[in-house]
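**Q** Coordinates in coords_15.csv, CSV, C-alpha atoms, are listed below.
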```
chain,number,residue,atom,x,y,z
A,1,MET,CA,44.7,21.6,-0.4
A,2,GLN,CA,42.1,22.0,-3.1
A,3,THR,CA,42.2,18.3,-3.8
A,4,PHE,CA,41.8,17.6,0.0
A,5,LYS,CA,38.7,19.8,0.1
A,6,ALA,CA,37.3,18.2,-3.0
A,7,VAL,CA,37.8,14.7,-1.5
A,8,LEU,CA,36.3,15.8,1.8
A,9,LEU,CA,33.3,17.2,0.0
A,10,LEU,CA,32.8,14.0,-2.0
A,11,ILE,CA,33.0,11.9,1.1
A,12,SER,CA,30.5,14.1,2.8
A,13,LEU,CA,28.2,13.9,-0.2
A,14,LEU,CA,28.4,10.1,-0.4
A,15,THR,CA,27.9,9.8,3.4
A,16,GLY,CA,24.8,12.0,3.2
A,17,ILE,CA,23.3,10.0,0.3
A,18,TYR,CA,24.0,6.7,2.2
A,19,LEU,CA,22.4,8.0,5.4
A,20,ALA,CA,19.4,9.4,3.5
A,21,TYR,CA,18.6,6.2,1.6
A,22,TRP,CA,20.1,3.3,3.5
A,23,GLY,CA,21.3,4.4,6.9
A,24,GLY,CA,17.9,5.8,7.8
A,25,LYS,CA,16.3,2.4,7.6
A,26,GLN,CA,18.2,1.4,10.7
A,27,GLN,CA,16.3,3.9,12.7
A,28,LYS,CA,12.9,3.2,14.1
A,29,PHE,CA,10.5,6.0,15.1
A,30,ASP,CA,7.3,5.4,17.0
A,31,GLU,CA,4.0,6.7,15.7
A,32,ARG,CA,4.1,9.8,17.9
A,33,GLN,CA,7.6,10.7,16.6
A,34,THR,CA,6.4,10.2,13.0
A,35,HIS,CA,3.5,12.5,13.6
A,36,ILE,CA,5.8,15.1,15.2
A,37,ARG,CA,8.3,15.0,12.3
A,38,ASN,CA,5.5,15.6,9.8
A,39,GLN,CA,4.1,18.4,12.0
A,40,ALA,CA,7.6,20.0,12.3
A,41,PHE,CA,7.9,20.5,8.6
A,42,ARG,CA,4.4,22.1,8.4
A,43,HIS,CA,5.5,24.5,11.2
A,44,ALA,CA,8.8,25.2,9.4
A,45,TYR,CA,7.0,25.8,6.1
A,46,ALA,CA,4.6,28.2,7.8
A,47,SER,CA,7.5,30.0,9.6
A,48,THR,CA,9.4,30.4,6.3
A,49,LEU,CA,6.3,31.9,4.6
A,50,VAL,CA,6.0,34.4,7.4
A,51,LEU,CA,9.7,35.2,7.1
A,52,ILE,CA,9.4,35.7,3.3
A,53,VAL,CA,6.5,38.2,3.9
A,54,VAL,CA,8.5,40.1,6.5
A,55,LEU,CA,11.5,40.3,4.1
A,56,ALA,CA,9.2,41.4,1.2
A,57,MET,CA,7.9,44.2,3.5
A,58,ILE,CA,11.4,45.2,4.4
A,59,ASN,CA,12.2,45.4,0.7
A,60,TYR,CA,9.0,47.4,0.0
A,61,ALA,CA,9.9,49.9,2.7
A,62,GLY,CA,13.3,50.4,1.0
A,63,TRP,CA,15.4,49.0,3.8
A,64,TRP,CA,16.8,46.1,1.8
A,65,PRO,CA,20.6,46.0,1.9
A,66,HIS,CA,21.8,46.3,-1.7
A,67,GLN,CA,24.7,43.9,-1.2
A,68,LEU,CA,22.3,41.0,-0.4
A,69,THR,CA,21.5,39.2,-3.6
A,70,VAL,CA,18.9,36.5,-4.3
A,71,ALA,CA,21.0,33.3,-4.3
A,72,PRO,CA,22.4,33.7,-0.7
A,73,LEU,CA,18.9,34.7,0.4
A,74,LEU,CA,17.3,31.6,-1.0
A,75,PHE,CA,20.0,29.4,0.6
A,76,GLY,CA,19.3,31.3,3.9
A,77,LEU,CA,15.6,30.7,3.6
A,78,PHE,CA,16.0,26.9,3.1
A,79,ALA,CA,18.5,26.8,5.9
A,80,PHE,CA,16.1,28.6,8.2
A,81,MET,CA,13.3,26.2,7.3
A,82,GLN,CA,15.5,23.2,8.0
A,83,LEU,CA,16.6,24.8,11.3
A,84,VAL,CA,13.1,25.5,12.5
A,85,ALA,CA,12.0,21.9,11.6
A,86,THR,CA,15.0,20.4,13.3
A,87,ILE,CA,14.4,22.4,16.5
A,88,ASP,CA,10.7,21.5,16.5
A,89,ILE,CA,11.6,17.8,16.1
A,90,ILE,CA,14.2,17.9,18.8
A,91,TRP,CA,12.0,19.8,21.3
A,92,HIS,CA,9.0,17.4,20.8
A,93,GLY,CA,11.2,14.3,21.3
A,94,GLY,CA,11.2,13.1,17.7
A,95,TYR,CA,14.9,13.4,16.9
A,96,PHE,CA,16.3,10.3,18.4
A,97,ALA,CA,14.9,7.0,17.1
A,98,VAL,CA,13.4,4.5,19.5
A,99,ASN,CA,16.3,2.2,19.1
A,100,LYS,CA,18.9,4.8,19.9
A,101,THR,CA,20.3,4.1,23.3
A,102,PRO,CA,20.7,6.8,26.0
A,103,GLY,CA,24.5,6.5,25.5
A,104,GLN,CA,24.2,7.2,21.8
A,105,GLN,CA,21.9,10.1,22.5
A,106,LYS,CA,24.4,11.6,25.0
A,107,LEU,CA,27.3,11.0,22.6
A,108,LEU,CA,25.6,12.9,19.8
A,109,THR,CA,24.5,15.8,22.0
A,110,TRP,CA,27.9,16.3,23.5
A,111,PHE,CA,29.5,15.9,20.1
A,112,MET,CA,27.4,18.8,18.9
A,113,GLY,CA,28.5,20.8,22.0
A,114,GLY,CA,32.2,19.9,21.3
A,115,MET,CA,31.8,20.9,17.7
A,116,ALA,CA,30.3,24.3,18.6
A,117,LEU,CA,33.0,25.0,21.1
A,118,PHE,CA,35.7,24.1,18.6
A,119,LEU,CA,34.2,26.3,15.9
A,120,TRP,CA,33.8,29.2,18.3
A,121,GLY,CA,37.4,28.8,19.2
A,122,LEU,CA,38.4,28.9,15.5
A,123,ILE,CA,36.4,32.1,15.0
A,124,ILE,CA,37.9,33.8,18.0
A,125,ILE,CA,41.4,32.9,16.8
A,126,ASN,CA,40.6,34.2,13.3
A,127,LEU,CA,39.2,37.5,14.7
A,128,SER,CA,42.1,38.0,17.0
A,129,ASN,CA,44.4,37.4,14.0
A,130,GLY,CA,42.8,40.3,12.2
A,131,VAL,CA,40.2,38.5,10.0
A,132,SER,CA,37.2,40.8,9.7
A,133,VAL,CA,33.7,39.8,10.8
A,134,SER,CA,32.3,40.3,7.3
A,135,ASP,CA,34.7,37.7,6.0
A,136,SER,CA,33.7,35.3,8.7
A,137,TRP,CA,29.9,35.6,8.4
A,138,ASP,CA,29.4,32.1,6.9
A,139,SER,CA,31.4,30.5,9.7
A,140,ILE,CA,29.7,32.5,12.4
A,141,LEU,CA,26.2,31.7,11.1
A,142,LEU,CA,27.0,27.9,10.9
A,143,THR,CA,28.5,28.0,14.4
A,144,ILE,CA,25.4,29.8,15.7
A,145,VAL,CA,23.2,27.1,14.1
A,146,ILE,CA,25.2,24.3,15.7
A,147,THR,CA,25.2,26.0,19.1
A,148,ILE,CA,21.4,26.5,18.9
A,149,LEU,CA,20.9,22.8,18.1
A,150,PHE,CA,23.2,21.7,20.9
A,151,LEU,CA,21.3,24.0,23.4
A,152,VAL,CA,17.9,22.7,22.3
A,153,MET,CA,19.1,19.1,22.7
A,154,LEU,CA,20.6,19.9,26.2
A,155,LEU,CA,17.4,21.7,27.4
A,156,ARG,CA,15.2,18.8,26.1
A,157,LYS,CA,17.4,16.4,28.0
A,158,ILE,CA,17.2,18.5,31.2
A,159,PHE,CA,13.4,18.9,31.0
A,160,ASP,CA,12.9,15.2,30.2
A,161,GLN,CA,14.6,14.3,33.4
A,162,ARG,CA,12.3,16.6,35.4
A,163,GLU,CA,9.1,14.9,34.1
A,164,ASP,CA,7.1,13.0,36.6
A,165,ASP,CA,7.2,9.2,36.2
B,1,MET,CA,-7.5,14.7,28.9
B,2,LYS,CA,-5.1,13.0,31.2
B,3,ASN,CA,-5.2,9.2,31.2
B,4,LEU,CA,-4.9,8.4,34.9
B,5,ARG,CA,-6.1,4.9,34.4
B,6,LEU,CA,-3.0,4.1,32.3
B,7,LYS,CA,-0.8,5.6,35.0
B,8,ALA,CA,-2.6,3.5,37.7
B,9,ALA,CA,-2.4,0.3,35.6
B,10,ARG,CA,1.3,0.9,35.1
B,11,ALA,CA,1.8,1.4,38.8
B,12,ARG,CA,-0.1,-1.8,39.6
B,13,CYS,CA,2.3,-3.7,37.3
B,14,ASP,CA,5.2,-1.8,39.0
B,15,LEU,CA,6.5,-0.5,35.7
B,16,SER,CA,8.2,2.8,35.1
B,17,GLN,CA,7.4,4.8,32.0
B,18,GLN,CA,10.7,3.7,30.5
B,19,ALA,CA,10.0,0.0,31.2
B,20,LEU,CA,6.5,0.1,29.7
B,21,ALA,CA,7.9,2.0,26.7
B,22,ASP,CA,10.5,-0.7,26.2
B,23,ARG,CA,7.9,-3.4,26.3
B,24,VAL,CA,5.7,-1.7,23.8
B,25,GLY,CA,8.5,-0.4,21.6
B,26,VAL,CA,8.0,3.3,21.9
B,27,THR,CA,9.9,6.1,23.6
B,28,ARG,CA,9.3,7.0,27.2
B,29,GLN,CA,8.2,10.5,26.1
B,30,THR,CA,5.3,8.8,24.1
B,31,ILE,CA,4.1,7.0,27.2
B,32,SER,CA,4.4,10.3,29.2
B,33,ALA,CA,2.5,12.2,26.4
B,34,ILE,CA,-0.4,9.6,26.5
B,35,GLU,CA,-0.7,9.7,30.3
B,36,LYS,CA,-0.7,13.5,30.2
B,37,GLY,CA,-3.3,13.5,27.5
B,38,ASP,CA,-1.0,15.3,25.0
B,39,TYR,CA,-1.1,12.5,22.5
B,40,ASN,CA,-4.0,10.2,21.3
B,41,PRO,CA,-2.5,6.8,20.4
B,42,THR,CA,-3.7,4.8,17.4
B,43,ILE,CA,-5.6,1.6,18.1
B,44,ASN,CA,-2.5,-0.5,17.4
B,45,LEU,CA,-0.6,1.3,20.1
B,46,CYS,CA,-3.6,1.1,22.5
B,47,LEU,CA,-3.7,-2.6,22.0
B,48,ALA,CA,0.0,-3.0,22.5
B,49,ILE,CA,-0.2,-1.1,25.8
B,50,CYS,CA,-3.1,-3.1,27.0
B,51,HIS,CA,-1.3,-6.3,26.1
B,52,ALA,CA,1.8,-5.2,28.0
B,53,LEU,CA,-0.3,-4.3,31.1
B,54,ASN,CA,-2.6,-7.3,30.8
B,55,VAL,CA,-5.8,-5.2,30.7
B,56,THR,CA,-8.5,-4.5,28.2
B,57,LEU,CA,-9.1,-1.5,26.0
B,58,ASN,CA,-12.1,-0.6,28.0
B,59,ASP,CA,-10.0,-0.5,31.2
B,60,LEU,CA,-7.6,2.1,29.9
B,61,PHE,CA,-9.1,3.9,26.9
B,62,TRP,CA,-12.9,4.0,27.2
B,63,ASP,CA,-14.2,7.5,27.6
B,64,GLU,CA,-16.6,7.5,30.6
B,65,GLN,CA,-18.1,10.8,29.4
B,66,GLU,CA,-19.2,9.4,26.0
B,67,ASN,CA,-20.5,6.3,27.8
```
If you convert what's in this file into structure tokens, what do you get?

**A**
Amino acid sequence: MQTFKAVLLLISLLTGIYLAYWGGKQQKFDERQTHIRNQAFRHAYASTLVLIVVLAMINYAGWWPHQLTVAPLLFGLFAFMQLVATIDIIWHGGYFAVNKTPGQQKLLTWFMGGMALFLWGLIIINLSNGVSVSDSWDSILLTIVITILFLVMLLRKIFDQREDD
Amino acid sequence: MKNLRLKAARARCDLSQQALADRVGVTRQTISAIEKGDYNPTINLCLAICHALNVTLNDLFWDEQEN
């Protein structure tokens, strides 16, 4: 089982590296989308700075949970920043490249929806089998993120269809 | 500011936003944003749109107020 997980992780890593450096060149974004993608990271950076200030104030007020250490917090901040940027990009129509067909866009959107449904199903099964919520926090947070991204994609699609032509 | 001249020129050529976007090589949302005045295109994109609609830059993108 450990070997399987290690192989899965290695495949994911290699796929990510490929998509980042070679796969991305297949995608073509127009100038407005490029502008949006740059703007999204500025928004995400600003949002993350605000969040850090809020967390610092919580800590100063003495409300910081003692069991929360620095490493998971840093990971959470980076994940938050990435999530805000991705939502911003999706909402302003910069997520799908110009050369992505409507069919491909639909496929990815509903794949996200299917994945969210599957993960929620797994969580419900685990909780009903007695697994505690505190042991499932990582899975729950990941599933919430995927659900949010799916909903943003879906809403964007719905509002796009309502625009005047 | 809305670019109604672009919308009118597109209508004269009987093109939908998607059709114009395909000709120019951008997304439909970009054409919509330009028409609504939510995005100011670069000169290259302006030229590409004018070429696709067979009009001049003055016809679509000259600001009457500044003139």

**Q** Between A:Gly94, A:Pro65, A:Gly76, A:Gly16, which one has atoms that come closest to chain B, using all atoms listed in the file?

**A**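 Of A:Gly94, A:Pro65, A:Gly76, A:Gly16, the one nearest chain B, counting all atoms listed in the file, is A:Gly94.
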
**Q** Once you count only C-alpha atoms, which residues of chain A turn out to be within 7 Å of chain B? Could you give them as a PyMOL selection string?

**A** chain A and resi 30+32+93+98+165

**Q** Would you save the residues of that selection, restricted to C-alpha atoms, as a compact mmCIF listing (two decimals), in the frame of the given file?

**A**
```txt
# COMPACT_ATOMS: atom_id res chain seq x y z
CA ASP A 30 7.30 5.40 17.00
CA ARG A 32 4.10 9.80 17.90
CA GLY A 93 11.20 14.30 21.30
CA VAL A 98 13.40 4.50 19.50
CA ASP A 165 7.20 9.20 36.20
```

**Q** Could you work out how far CA of Phe111 in chain A lies from CA of Leu151 in chain A, giving the answer in Å with one decimal?

**A**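 Between CA of Leu151 in chain A and CA of Phe111 in chain A the gap is 12.0 Å.
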
**Q** Hey, can you check how far CA of Ala116 in chain A sits from CA of Phe150 in chain A?

**A** 7.9 Å

**Q** When distances are computed from only C-alpha atoms, which of A:Ile123, A:Met57, A:Ile87, A:Leu108 shows the smallest separation from Phe41 in chain A?

**A**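 Of A:Ile123, A:Met57, A:Ile87, A:Leu108, the one nearest Phe41 in chain A, counting only C-alpha atoms, is A:Ile87.
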
**Q** Please determine the residues with any atom at most 12 Å from (15.4, 20.1, 20.1) (coordinates as given in the file, with all atoms listed in the file counting) and report them as a ChimeraX atom specification.

**A** /A:36-37,40,83-96,109,146-160

**Q** Between A:Trp120, A:Tyr18, A:Tyr45, A:Trp64, which residue has the minimum interatomic distance to Phe78 in chain A, considering all atoms listed in the file?

**A**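 Using all atoms listed in the file, Phe78 in chain A sits closest to A:Tyr45.
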
**Q** Find the spatial neighbours of Leu57 in chain B, counting only C-alpha atoms, within a cut-off of 9 Å - ignore same-chain residues fewer than 5 positions away - and output them as a PyMOL selection string.

**A** chain B and resi 46-47+49-50+62

**Q** For CA of Ser128 in chain A and CA of Gly113 in chain A, quote the distance in Å rounded to one decimal.

**A** 22.5 Å

**Q** Compare B:Leu20, B:Ala52, B:Lys36, B:Asn58 by their minimum atom-to-atom distance to Leu4 in chain B, counting only C-alpha atoms, and give me the closest one.

**A** B:Lys36
